[in-house]
file target.cif (mmCIF, C-alpha atoms and all ligand atoms)
data_structure
#
loop_
_atom_site.label_atom_id
_atom_site.label_comp_id
_atom_site.auth_asym_id
_atom_site.auth_seq_id
_atom_site.Cartn_x
_atom_site.Cartn_y
_atom_site.Cartn_z
CA MET A 1 -41.74 43.80 -236.37
CA ASN A 2 -43.62 46.65 -238.03
CA ARG A 3 -46.73 44.35 -238.24
CA GLY A 4 -48.15 43.19 -241.54
CA PHE A 5 -51.33 44.15 -243.33
CA PRO A 6 -54.42 42.15 -242.34
CA LYS A 7 -55.77 39.91 -245.13
CA ASP A 8 -59.11 41.70 -245.27
CA ILE A 9 -57.41 45.04 -246.02
CA LEU A 10 -55.30 43.47 -248.76
CA MET A 11 -58.41 41.87 -250.26
CA SER A 12 -60.26 45.14 -250.05
CA LEU A 13 -57.38 46.97 -251.81
CA ALA A 14 -57.35 44.30 -254.52
CA SER A 15 -61.05 44.86 -255.19
CA PHE A 16 -60.57 48.37 -256.65
CA ALA A 17 -59.95 49.03 -260.32
CA ARG A 18 -56.27 49.84 -260.74
CA VAL A 19 -53.78 50.34 -263.55
CA ARG A 20 -50.02 50.20 -262.97
CA PHE A 21 -47.72 53.14 -263.46
CA THR A 22 -45.30 52.86 -260.54
CA GLN A 23 -41.95 51.13 -260.74
CA ALA A 24 -42.55 49.57 -257.34
CA PRO A 25 -41.14 49.10 -254.84
CA THR A 26 -39.42 52.47 -254.91
CA PRO A 27 -36.11 52.28 -253.00
CA LEU A 28 -36.02 52.77 -249.23
CA HIS A 29 -32.48 53.48 -248.11
CA LEU A 30 -30.32 55.10 -245.44
CA LEU A 31 -28.89 58.59 -245.94
CA PRO A 32 -25.51 57.95 -244.24
CA ARG A 33 -23.76 61.25 -244.98
CA LEU A 34 -26.81 63.37 -244.18
CA SER A 35 -27.41 61.46 -240.92
CA ALA A 36 -23.74 61.89 -239.89
CA GLU A 37 -23.87 65.58 -240.78
CA LEU A 38 -26.88 66.15 -238.52
CA GLY A 39 -25.49 63.89 -235.77
CA GLY A 40 -28.92 62.71 -234.59
CA PRO A 41 -31.16 59.81 -235.62
CA ASP A 42 -30.59 57.57 -238.64
CA ILE A 43 -32.45 59.17 -241.53
CA TYR A 44 -33.78 57.00 -244.34
CA ILE A 45 -35.47 58.06 -247.54
CA LYS A 46 -38.36 56.46 -249.43
CA ARG A 47 -37.78 57.36 -253.08
CA ASP A 48 -41.27 58.20 -254.31
CA ASP A 49 -39.59 60.84 -256.45
CA ASN A 50 -38.61 57.80 -258.54
CA THR A 51 -42.03 56.35 -259.31
CA GLY A 52 -41.12 56.40 -262.99
CA LEU A 53 -44.02 58.20 -264.70
CA ALA A 54 -42.91 61.34 -266.61
CA LEU A 55 -40.22 62.17 -264.04
CA GLY A 56 -42.14 60.71 -261.14
CA GLY A 57 -43.59 61.84 -257.84
CA ASN A 58 -46.29 60.93 -255.36
CA LYS A 59 -49.28 61.53 -257.64
CA THR A 60 -48.33 58.46 -259.69
CA ARG A 61 -49.55 56.07 -256.98
CA LYS A 62 -52.88 57.87 -256.61
CA LEU A 63 -53.37 57.89 -260.37
CA GLU A 64 -53.19 54.09 -260.50
CA PHE A 65 -56.56 53.98 -258.73
CA LEU A 66 -58.00 57.18 -260.21
CA ILE A 67 -57.32 56.25 -263.85
CA GLY A 68 -58.40 52.68 -263.05
CA ASP A 69 -61.73 54.05 -261.82
CA ALA A 70 -62.05 56.42 -264.80
CA LEU A 71 -61.53 53.55 -267.27
CA GLN A 72 -63.99 51.35 -265.42
CA LYS A 73 -66.59 54.13 -265.71
CA GLY A 74 -65.97 54.48 -269.44
CA ALA A 75 -64.51 58.00 -269.23
CA THR A 76 -63.10 59.61 -272.36
CA HIS A 77 -61.67 62.78 -270.86
CA ILE A 78 -59.85 63.53 -267.59
CA VAL A 79 -60.31 66.95 -266.02
CA THR A 80 -58.10 68.11 -263.16
CA GLN A 81 -56.62 71.23 -261.60
CA GLY A 82 -53.62 72.48 -259.68
CA ALA A 83 -51.30 75.42 -259.14
CA THR A 84 -49.32 76.64 -262.17
CA GLN A 85 -46.36 74.42 -261.24
CA SER A 86 -48.52 71.43 -260.27
CA ASN A 87 -46.67 68.11 -260.24
CA HIS A 88 -50.06 66.43 -260.05
CA VAL A 89 -51.20 67.97 -263.34
CA ARG A 90 -48.01 66.82 -265.10
CA GLN A 91 -48.36 63.23 -263.86
CA THR A 92 -52.10 63.19 -264.64
CA ILE A 93 -51.59 64.15 -268.29
CA ALA A 94 -48.91 61.44 -268.60
CA ALA A 95 -51.12 58.80 -266.93
CA ALA A 96 -54.09 59.68 -269.13
CA ASN A 97 -51.89 59.53 -272.25
CA ARG A 98 -50.89 55.97 -271.35
CA HIS A 99 -54.54 54.97 -271.70
CA GLY A 100 -55.50 57.15 -274.66
CA LEU A 101 -57.63 59.50 -272.55
CA ARG A 102 -57.74 63.22 -273.33
CA THR A 103 -57.12 65.75 -270.55
CA THR A 104 -58.21 69.27 -269.77
CA VAL A 105 -56.26 70.92 -266.96
CA LEU A 106 -56.92 74.13 -265.06
CA LEU A 107 -53.87 75.91 -263.69
CA GLU A 108 -54.59 78.27 -260.80
CA GLU A 109 -52.31 81.32 -260.58
CA ARG A 110 -51.91 80.74 -256.87
CA VAL A 111 -48.41 82.17 -256.56
CA SER A 112 -48.29 85.88 -257.36
CA GLY A 113 -45.35 87.94 -258.57
CA ALA A 114 -43.30 84.94 -259.71
CA HIS A 115 -40.58 85.12 -262.35
CA GLU A 116 -41.08 84.15 -265.98
CA ASP A 117 -39.68 80.65 -265.46
CA TYR A 118 -42.53 79.94 -263.06
CA TYR A 119 -45.08 80.38 -265.86
CA ARG A 120 -43.10 78.73 -268.66
CA ASN A 121 -40.51 76.26 -267.40
CA GLY A 122 -40.59 73.21 -265.09
CA ASN A 123 -43.95 71.49 -264.97
CA VAL A 124 -45.59 73.96 -267.39
CA LEU A 125 -43.08 73.07 -270.11
CA LEU A 126 -43.65 69.36 -269.50
CA ASP A 127 -47.46 69.81 -269.52
CA GLN A 128 -47.10 71.32 -272.99
CA ILE A 129 -44.86 68.50 -274.22
CA LEU A 130 -47.15 65.83 -272.78
CA GLY A 131 -49.95 67.54 -274.66
CA ALA A 132 -53.20 68.08 -272.78
CA ALA A 133 -56.23 68.69 -275.02
CA ALA A 134 -56.54 72.03 -273.21
CA ILE A 135 -54.51 73.91 -270.61
CA GLU A 136 -56.62 76.72 -269.14
CA THR A 137 -55.58 79.22 -266.48
CA ARG A 138 -57.63 80.63 -263.65
CA PRO A 139 -56.90 83.56 -261.33
CA ALA A 140 -56.24 82.82 -257.65
CA GLY A 141 -59.10 82.73 -255.20
CA LEU A 142 -61.76 80.87 -257.22
CA ASP A 143 -63.38 77.68 -255.97
CA MET A 144 -61.31 75.41 -258.19
CA ASN A 145 -63.47 72.35 -257.61
CA ALA A 146 -66.49 74.36 -258.81
CA GLU A 147 -64.42 75.32 -261.88
CA LEU A 148 -63.82 71.60 -262.51
CA LEU A 149 -67.56 70.92 -262.40
CA THR A 150 -68.23 73.69 -264.92
CA VAL A 151 -65.62 72.33 -267.33
CA GLY A 152 -67.04 68.84 -266.81
CA GLU A 153 -70.51 70.11 -267.87
CA ARG A 154 -69.05 71.77 -270.93
CA LEU A 155 -67.33 68.54 -272.00
CA ARG A 156 -70.46 66.51 -271.36
CA ALA A 157 -72.44 68.88 -273.58
CA ALA A 158 -69.81 68.26 -276.27
CA GLY A 159 -70.44 64.51 -276.07
CA GLU A 160 -67.49 63.52 -273.87
CA LEU A 161 -67.64 61.42 -270.71
CA PRO A 162 -65.56 63.51 -268.30
CA TYR A 163 -63.90 62.13 -265.15
CA LEU A 164 -63.05 64.81 -262.60
CA ILE A 165 -59.96 64.41 -260.45
CA PRO A 166 -59.72 66.87 -257.55
CA GLY A 167 -56.55 68.87 -256.90
CA GLY A 168 -53.63 66.62 -255.96
CA GLY A 169 -55.73 63.53 -256.74
CA SER A 170 -56.78 63.73 -253.11
CA ASN A 171 -60.00 61.88 -252.62
CA ALA A 172 -60.42 58.46 -250.99
CA ILE A 173 -59.81 56.61 -254.26
CA GLY A 174 -56.53 58.46 -254.84
CA ALA A 175 -55.47 57.98 -251.21
CA LEU A 176 -55.61 54.20 -251.77
CA GLY A 177 -52.31 54.67 -253.61
CA TYR A 178 -50.73 55.66 -250.32
CA VAL A 179 -52.36 52.78 -248.45
CA VAL A 180 -50.43 50.65 -250.95
CA ALA A 181 -47.30 52.68 -250.20
CA ALA A 182 -47.77 52.06 -246.45
CA HIS A 183 -47.90 48.34 -247.19
CA GLU A 184 -44.77 48.62 -249.35
CA ILE A 185 -42.87 50.52 -246.63
CA ILE A 186 -43.78 47.93 -243.97
CA GLU A 187 -42.68 45.05 -246.21
CA GLN A 188 -39.38 46.75 -247.10
CA ALA A 189 -38.65 47.62 -243.48
CA ASP A 190 -39.46 44.11 -242.30
CA ALA A 191 -37.24 42.56 -244.98
CA ALA A 192 -34.38 44.84 -243.89
CA GLY A 193 -34.98 44.32 -240.16
CA LEU A 194 -35.62 48.03 -239.80
CA ARG A 195 -37.80 49.41 -237.00
CA ILE A 196 -39.33 52.69 -238.18
CA ASP A 197 -39.85 55.23 -235.39
CA GLN A 198 -41.23 58.07 -237.48
CA VAL A 199 -42.28 58.87 -241.03
CA VAL A 200 -42.03 62.51 -242.18
CA HIS A 201 -43.20 64.06 -245.46
CA ALA A 202 -44.61 67.24 -247.00
CA THR A 203 -48.40 67.47 -246.86
CA GLY A 204 -50.58 69.58 -249.14
CA SER A 205 -53.85 68.31 -250.60
CA THR A 206 -53.69 65.53 -247.92
CA GLY A 207 -54.03 62.30 -249.94
CA THR A 208 -50.49 61.15 -249.19
CA GLN A 209 -50.77 61.51 -245.43
CA ALA A 210 -54.36 60.23 -245.26
CA GLY A 211 -53.40 57.08 -247.19
CA LEU A 212 -50.21 56.44 -245.22
CA VAL A 213 -51.89 56.91 -241.83
CA ALA A 214 -54.94 54.85 -242.78
CA GLY A 215 -52.57 52.12 -244.03
CA PHE A 216 -50.29 52.07 -241.00
CA GLU A 217 -53.26 52.12 -238.61
CA ALA A 218 -55.17 49.43 -240.49
CA ALA A 219 -52.01 47.31 -240.27
CA ASN A 220 -51.76 47.95 -236.52
CA SER A 221 -48.19 49.08 -237.11
CA HIS A 222 -48.93 52.49 -235.55
CA ILE A 223 -45.86 54.01 -237.22
CA PRO A 224 -46.27 57.73 -236.47
CA VAL A 225 -46.50 60.02 -239.49
CA LEU A 226 -45.75 63.73 -239.31
CA GLY A 227 -46.95 65.87 -242.21
CA ILE A 228 -45.07 69.13 -242.75
CA SER A 229 -47.66 71.52 -244.14
CA VAL A 230 -46.79 73.58 -247.22
CA ARG A 231 -49.91 75.71 -247.13
CA ALA A 232 -52.59 75.49 -244.43
CA PRO A 233 -52.19 76.25 -240.72
CA ARG A 234 -51.76 73.21 -238.48
CA ASP A 235 -55.35 72.83 -237.21
CA ARG A 236 -56.86 73.11 -240.64
CA GLN A 237 -54.32 70.75 -242.19
CA GLU A 238 -54.91 68.14 -239.48
CA ALA A 239 -58.69 68.44 -239.88
CA ASN A 240 -58.41 68.05 -243.67
CA VAL A 241 -56.13 65.00 -243.40
CA ARG A 242 -58.41 63.42 -240.76
CA LYS A 243 -61.49 63.87 -242.90
CA LEU A 244 -59.86 62.14 -245.87
CA ALA A 245 -58.26 59.44 -243.69
CA ARG A 246 -61.73 58.61 -242.29
CA GLU A 247 -63.17 58.42 -245.81
CA THR A 248 -60.29 56.19 -246.91
CA TRP A 249 -60.80 53.99 -243.85
CA ALA A 250 -64.49 53.61 -244.73
CA LEU A 251 -63.71 52.85 -248.39
CA LEU A 252 -61.36 50.09 -247.24
CA HIS A 253 -63.99 48.68 -244.85
CA ALA A 254 -61.32 48.75 -242.14
CA ARG A 255 -62.60 47.61 -238.75
CA GLY A 256 -63.67 50.02 -236.02
CA GLU A 257 -63.20 53.75 -236.05
CA PHE A 258 -60.28 55.53 -237.64
CA PRO A 259 -58.08 56.77 -234.75
CA ASP A 260 -58.14 60.56 -235.19
CA ASP A 261 -55.07 61.16 -232.98
CA ALA A 262 -52.90 59.35 -235.52
CA VAL A 263 -53.00 62.50 -237.69
CA GLN A 264 -50.27 64.98 -236.86
CA ALA A 265 -49.15 67.99 -238.85
CA ASN A 266 -46.71 70.82 -238.32
CA ALA A 267 -47.13 74.14 -240.14
CA ASP A 268 -43.98 75.90 -238.89
CA TYR A 269 -42.19 75.71 -242.25
CA VAL A 270 -44.74 77.24 -244.66
CA GLY A 271 -43.02 80.63 -244.56
CA GLY A 272 -44.68 83.32 -246.71
CA GLY A 273 -47.21 80.93 -248.21
CA TYR A 274 -47.74 78.18 -250.77
CA GLY A 275 -44.95 78.14 -253.34
CA VAL A 276 -43.12 81.06 -251.71
CA PRO A 277 -39.45 80.12 -251.14
CA THR A 278 -37.97 80.16 -247.65
CA GLU A 279 -34.32 80.34 -246.66
CA ALA A 280 -34.70 77.04 -244.77
CA MET A 281 -36.08 75.38 -247.94
CA VAL A 282 -33.11 76.59 -250.01
CA ASP A 283 -30.70 75.36 -247.31
CA ALA A 284 -32.45 71.98 -247.16
CA VAL A 285 -32.31 71.55 -250.95
CA HIS A 286 -28.58 72.37 -250.90
CA LEU A 287 -27.90 70.12 -247.89
CA LEU A 288 -29.45 66.96 -249.39
CA ALA A 289 -28.01 67.67 -252.84
CA ARG A 290 -24.51 68.17 -251.43
CA THR A 291 -24.43 65.30 -248.92
CA GLU A 292 -26.35 62.63 -250.86
CA GLY A 293 -26.74 63.85 -254.46
CA ILE A 294 -30.54 63.82 -254.15
CA LEU A 295 -32.68 66.68 -255.51
CA LEU A 296 -35.67 67.96 -253.53
CA ASP A 297 -38.23 70.48 -254.82
CA PRO A 298 -38.90 74.11 -253.82
CA VAL A 299 -42.64 73.86 -253.06
CA TYR A 300 -43.12 70.57 -251.16
CA SER A 301 -40.26 68.22 -250.36
CA GLY A 302 -37.80 71.11 -249.80
CA LYS A 303 -40.03 72.60 -247.10
CA GLY A 304 -40.83 69.16 -245.70
CA PHE A 305 -37.16 68.32 -245.46
CA ALA A 306 -36.39 71.74 -243.96
CA GLY A 307 -38.89 70.81 -241.23
CA LEU A 308 -37.24 67.47 -240.60
CA VAL A 309 -33.75 69.01 -240.44
CA ASP A 310 -34.91 71.68 -238.00
CA LEU A 311 -36.69 69.17 -235.75
CA VAL A 312 -33.56 66.97 -235.70
CA ARG A 313 -31.42 69.99 -234.80
CA LYS A 314 -33.86 70.87 -232.01
CA GLY A 315 -33.47 67.36 -230.56
CA ARG A 316 -37.01 66.17 -231.32
CA PHE A 317 -35.61 62.73 -232.33
CA ARG A 318 -32.98 60.67 -230.47
CA LYS A 319 -29.80 59.06 -231.71
CA GLY A 320 -30.57 55.44 -232.51
CA GLN A 321 -34.07 56.23 -233.79
CA ASN A 322 -34.91 55.51 -237.41
CA ILE A 323 -36.70 58.24 -239.32
CA VAL A 324 -38.05 57.74 -242.86
CA PHE A 325 -38.48 60.82 -245.04
CA VAL A 326 -40.86 60.15 -247.92
CA HIS A 327 -39.50 62.02 -250.94
CA THR A 328 -42.68 62.93 -252.79
CA GLY A 329 -40.88 64.24 -255.89
CA GLY A 330 -41.23 67.61 -257.62
CA ALA A 331 -37.61 68.39 -258.55
CA VAL A 332 -38.94 69.44 -261.98
CA GLY A 333 -40.11 72.56 -260.12
CA LEU A 334 -36.49 73.62 -259.53
CA PHE A 335 -36.41 74.83 -263.13
CA ALA A 336 -39.30 77.17 -262.35
CA TYR A 337 -37.34 78.66 -259.43
CA ARG A 338 -34.06 79.39 -261.19
CA ASP A 339 -33.90 82.87 -259.64
CA THR A 340 -34.18 81.42 -256.14
CA PHE A 341 -31.27 79.02 -256.57
CA ALA A 342 -29.08 80.68 -259.18
CA PRO A 343 -29.34 84.45 -259.15
CA ALA A 344 -28.08 86.02 -262.35
CA PRO A 345 -24.29 86.37 -262.20
CA ALA A 346 -23.01 89.89 -261.50
CA PHE A 347 -20.78 90.13 -264.61
C1 LIG B 401 -48.62 66.98 -254.24
C2 LIG B 401 -47.27 66.92 -253.63
C3 LIG B 401 -47.09 66.74 -252.24
C4 LIG B 401 -48.21 66.73 -251.27
O1 LIG B 401 -48.96 65.55 -251.30
P1 LIG B 401 -50.51 65.62 -250.95
O2 LIG B 401 -50.98 64.24 -251.16
O3 LIG B 401 -51.09 66.62 -251.90
O4 LIG B 401 -50.64 66.09 -249.55
C5 LIG B 401 -45.82 66.62 -251.76
N1 LIG B 401 -44.74 66.70 -252.58
C6 LIG B 401 -44.88 66.90 -253.91
C7 LIG B 401 -43.64 66.99 -254.72
C8 LIG B 401 -46.14 67.01 -254.48
O5 LIG B 401 -46.24 67.22 -255.79
#
call {"tool": "encode", "arguments": {"input": "target.cif", "output": "structure tokens", "more": "lines below"}}
Ligand SMILES: *Cc1c(COP(=O)(O)O)cnc(C)c1O
result
Amino acid sequence: MNRGFPKDILMSLASFARVRFTQAPTPLHLLPRLSAELGGPDIYIKRDDNTGLALGGNKTRKLEFLIGDALQKGATHIVTQGATQSNHVRQTIAAANRHGLRTTVLLEERVSGAHEDYYRNGNVLLDQILGAAAIETRPAGLDMNAELLTVGERLRAAGELPYLIPGGGSNAIGALGYVVAAHEIIEQADAAGLRIDQVVHATGSTGTQAGLVAGFEAANSHIPVLGISVRAPRDRQEANVRKLARETWALLHARGEFPDDAVQANADYVGGGYGVPTEAMVDAVHLLARTEGILLDPVYSGKGFAGLVDLVRKGRFRKGQNIVFVHTGGAVGLFAYRDTFAPAPAF
């Protein structure tokens, strides 16, 4: 009922180099207590927080294709970048370790005035345990992809064969991981007899949304996807997702033109900026933890879920509709935001 993937798209997906990291399929299940609490549509969750690589998250699926491509090209060293608390950087070091590749990571100090935990705990702690060859920091405001190129040159001069992965693993090769996820969601929904009326998730570097939308459109399922932006204003986020979705569409050799209108974002829940906590995010993290025992994260899925909760409360979705929230992971980041969730006791 959600329409299957055409054979040519499946064959095209199978033609790319890929290594496996994901414990797939990740569960897709109803959130009964949360749905009852909100009193609106039936809300389901796709557990991409449980992909299984070094505490999981959405970057794992992208890395299957990115590391596959790096190995095919004979790379010896992975170079990538992200914010200080990047989930992508953590998963990239783990993925590279699985194939004996070294990594150099650049952490951009994108969030200013954060507490000590932000610089030392959460993902930063795990990056250190996973053991990148080098963890370098950069001040905010640089062109981080230019920084990647410079580091790539330096490694090349030292006799390495560097493979550069952009922030969030968001290029067309990485987005293929979310074309696969779209296929997985359709198969799970069909097996369960579930009609999906809307998919909602947090969108940042755009690979997740571009891959999902390209996948659902290539499958003619036309399941609408709403990305809740954690950084850019709506117009810019939609333009960025569209650009990558078109590139992903072309890489897949999907027929016809990518339908631009299929890309929809909402930037009403960013608050003070990337990585800056909002009250709605804190409430959303508490709500899902206390109704369903599921942990969201402060930077992405918490804001994405805050958006979903607010839209449900505003009546954007009807009772009887089925909404799927894609949990993209990141709960490791909670440990970097201890002061937001557990202020020091007064005694
Ligand atoms: C990276 C990330 C996102 C955003 O995904 P993009 O593909 O970058 O848009 C959402 N949630 C978490 C937890 C992430 O780490």
call {"tool": "residues_near_ligand", "arguments": {"input": "target.cif", "ligand": "ligand LIG 401 (chain B)", "cutoff": "8 Å", "atoms": "only C-alpha atoms and all ligand atoms", "output": "JSON, numbers by chain"}}
result
{"A": [49, 57, 58, 59, 86, 87, 88, 167, 168, 169, 170, 175, 201, 202, 203, 204, 205, 206, 207, 208, 209, 210, 297, 299, 300, 301, 327, 328, 329, 330, 331]}
call {"tool": "atom_distance", "arguments": {"input": "target.cif", "atom1": "CA of Gly40 in chain A", "atom2": "CA of Val270 in chain A"}}
result
23.7 Å
call {"tool": "residues_near_point", "arguments": {"input": "target.cif", "point": "(-59.1, 63.3, -240.2)", "cutoff": "12 Å", "atoms": "only C-alpha atoms", "output": "VMD selection string"}}
result
chain A and resid 172 206 to 207 209 to 211 213 to 214 235 to 250 257 to 265
call {"tool": "atom_distance", "arguments": {"input": "target.cif", "atom1": "CA of Asn97 in chain A", "atom2": "CA of Glu160 in chain A"}}
result
16.2 Å
call {"tool": "closest_residue", "arguments": {"input": "target.cif", "among": "A:Val105, A:Val285, A:Ile78, A:Ala94", "to": "Arg156 in chain A", "atoms": "all atoms listed in the file"}}
result
A:Ile78
call {"tool": "residues_around", "arguments": {"input": "target.cif", "residues": "Leu106 in chain A", "least_positions_apart": "3", "cutoff": "10 Å", "atoms": "all atoms listed in the file", "output": "PyMOL selection string"}}
result
chain A and resi 79-84+89+109+134-138+144+147-148+151+167
call {"tool": "closest_residue", "arguments": {"input": "target.cif", "among": "A:Gly174, A:Gly273, A:Gly131, A:Pro32", "to": "Gly100 in chain A", "atoms": "all atoms listed in the file"}}
result
A:Gly131
call {"tool": "closest_residue", "arguments": {"input": "target.cif", "among": "A:Val276, A:Ala219, A:Val199, A:Val230", "to": "Ala254 in chain A", "atoms": "all atoms listed in the file"}}
result
A:Ala219
call {"tool": "atom_distance", "arguments": {"input": "target.cif", "atom1": "CA of Asn171 in chain A", "atom2": "CA of Gly68 in chain A"}}
result
14.0 Å
call {"tool": "closest_residue", "arguments": {"input": "target.cif", "among": "A:Phe216, A:Phe341, A:Tyr269, A:Tyr163", "to": "His77 in chain A", "atoms": "all atoms listed in the file"}}
result
A:Tyr163
call {"tool": "closest_residue", "arguments": {"input": "target.cif", "among": "A:Gly307, A:Gly39, A:Pro343, A:Pro298", "to": "Gly122 in chain A", "atoms": "only C-alpha atoms"}}
result
A:Pro298
call {"tool": "residues_around", "arguments": {"input": "target.cif", "residues": "Leu13 in chain A", "least_positions_apart": "3", "cutoff": "9 Å", "atoms": "only C-alpha atoms", "output": "list in words"}}
result
Asp8, Ile9, Leu10, Phe16, Leu176, Val179, Val180 and Leu252 of chain A
call {"tool": "decode", "arguments": {"input": "target.cif", "residues": "range 276-293 of chain A", "atoms": "N, CA, C and O atoms", "output": "compact mmCIF listing (two decimals), in the first residue's frame"}}
result
# COMPACT_ATOMS: atom_id res chain seq x y z
N VAL A 276 21.95 25.32 20.78
CA VAL A 276 21.50 26.13 21.92
C VAL A 276 20.18 25.53 22.43
O VAL A 276 19.23 25.42 21.66
N PRO A 277 20.14 25.13 23.70
CA PRO A 277 18.92 24.47 24.21
C PRO A 277 17.69 25.39 24.16
O PRO A 277 17.84 26.61 24.28
N THR A 278 16.53 24.78 23.96
CA THR A 278 15.27 25.52 24.07
C THR A 278 14.42 24.82 25.14
O THR A 278 14.62 23.63 25.41
N GLU A 279 13.48 25.57 25.69
CA GLU A 279 12.59 24.99 26.70
C GLU A 279 11.77 23.86 26.08
O GLU A 279 11.56 22.81 26.70
N ALA A 280 11.33 24.08 24.83
CA ALA A 280 10.51 23.06 24.15
C ALA A 280 11.31 21.77 23.95
O ALA A 280 10.77 20.66 24.05
N MET A 281 12.63 21.90 23.67
CA MET A 281 13.48 20.72 23.50
C MET A 281 13.56 19.95 24.82
O MET A 281 13.40 18.73 24.85
N VAL A 282 13.80 20.68 25.92
CA VAL A 282 13.91 20.03 27.23
C VAL A 282 12.59 19.32 27.56
O VAL A 282 12.59 18.16 27.99
N ASP A 283 11.46 19.99 27.30
CA ASP A 283 10.16 19.37 27.56
C ASP A 283 9.97 18.12 26.70
O ASP A 283 9.43 17.11 27.17
N ALA A 284 10.38 18.18 25.45
CA ALA A 284 10.20 17.04 24.54
C ALA A 284 11.06 15.86 25.00
O ALA A 284 10.60 14.71 24.98
N VAL A 285 12.29 16.14 25.43
CA VAL A 285 13.17 15.06 25.91
C VAL A 285 12.52 14.40 27.14
O VAL A 285 12.44 13.17 27.24
N HIS A 286 12.02 15.24 28.07
CA HIS A 286 11.36 14.69 29.26
C HIS A 286 10.10 13.90 28.88
O HIS A 286 9.86 12.81 29.40
N LEU A 287 9.30 14.44 27.97
CA LEU A 287 8.03 13.79 27.61
C LEU A 287 8.26 12.38 27.06
O LEU A 287 7.62 11.42 27.49
N LEU A 288 9.19 12.24 26.10
CA LEU A 288 9.39 10.92 25.50
C LEU A 288 10.07 9.97 26.48
O LEU A 288 9.74 8.78 26.53
N ALA A 289 10.97 10.50 27.30
CA ALA A 289 11.64 9.66 28.30
C ALA A 289 10.61 9.14 29.31
O ALA A 289 10.67 7.98 29.72
N ARG A 290 9.66 10.00 29.69
CA ARG A 290 8.76 9.65 30.79
C ARG A 290 7.49 8.93 30.35
O ARG A 290 6.82 8.30 31.18
N THR A 291 7.16 8.98 29.05
CA THR A 291 6.02 8.19 28.57
C THR A 291 6.48 6.86 27.98
O THR A 291 5.79 5.85 28.08
N GLU A 292 7.65 6.85 27.31
CA GLU A 292 8.04 5.66 26.55
C GLU A 292 9.42 5.12 26.92
O GLU A 292 9.86 4.12 26.35
N GLY A 293 10.13 5.81 27.81
CA GLY A 293 11.48 5.34 28.18
C GLY A 293 12.48 5.44 27.05
O GLY A 293 13.43 4.66 27.00
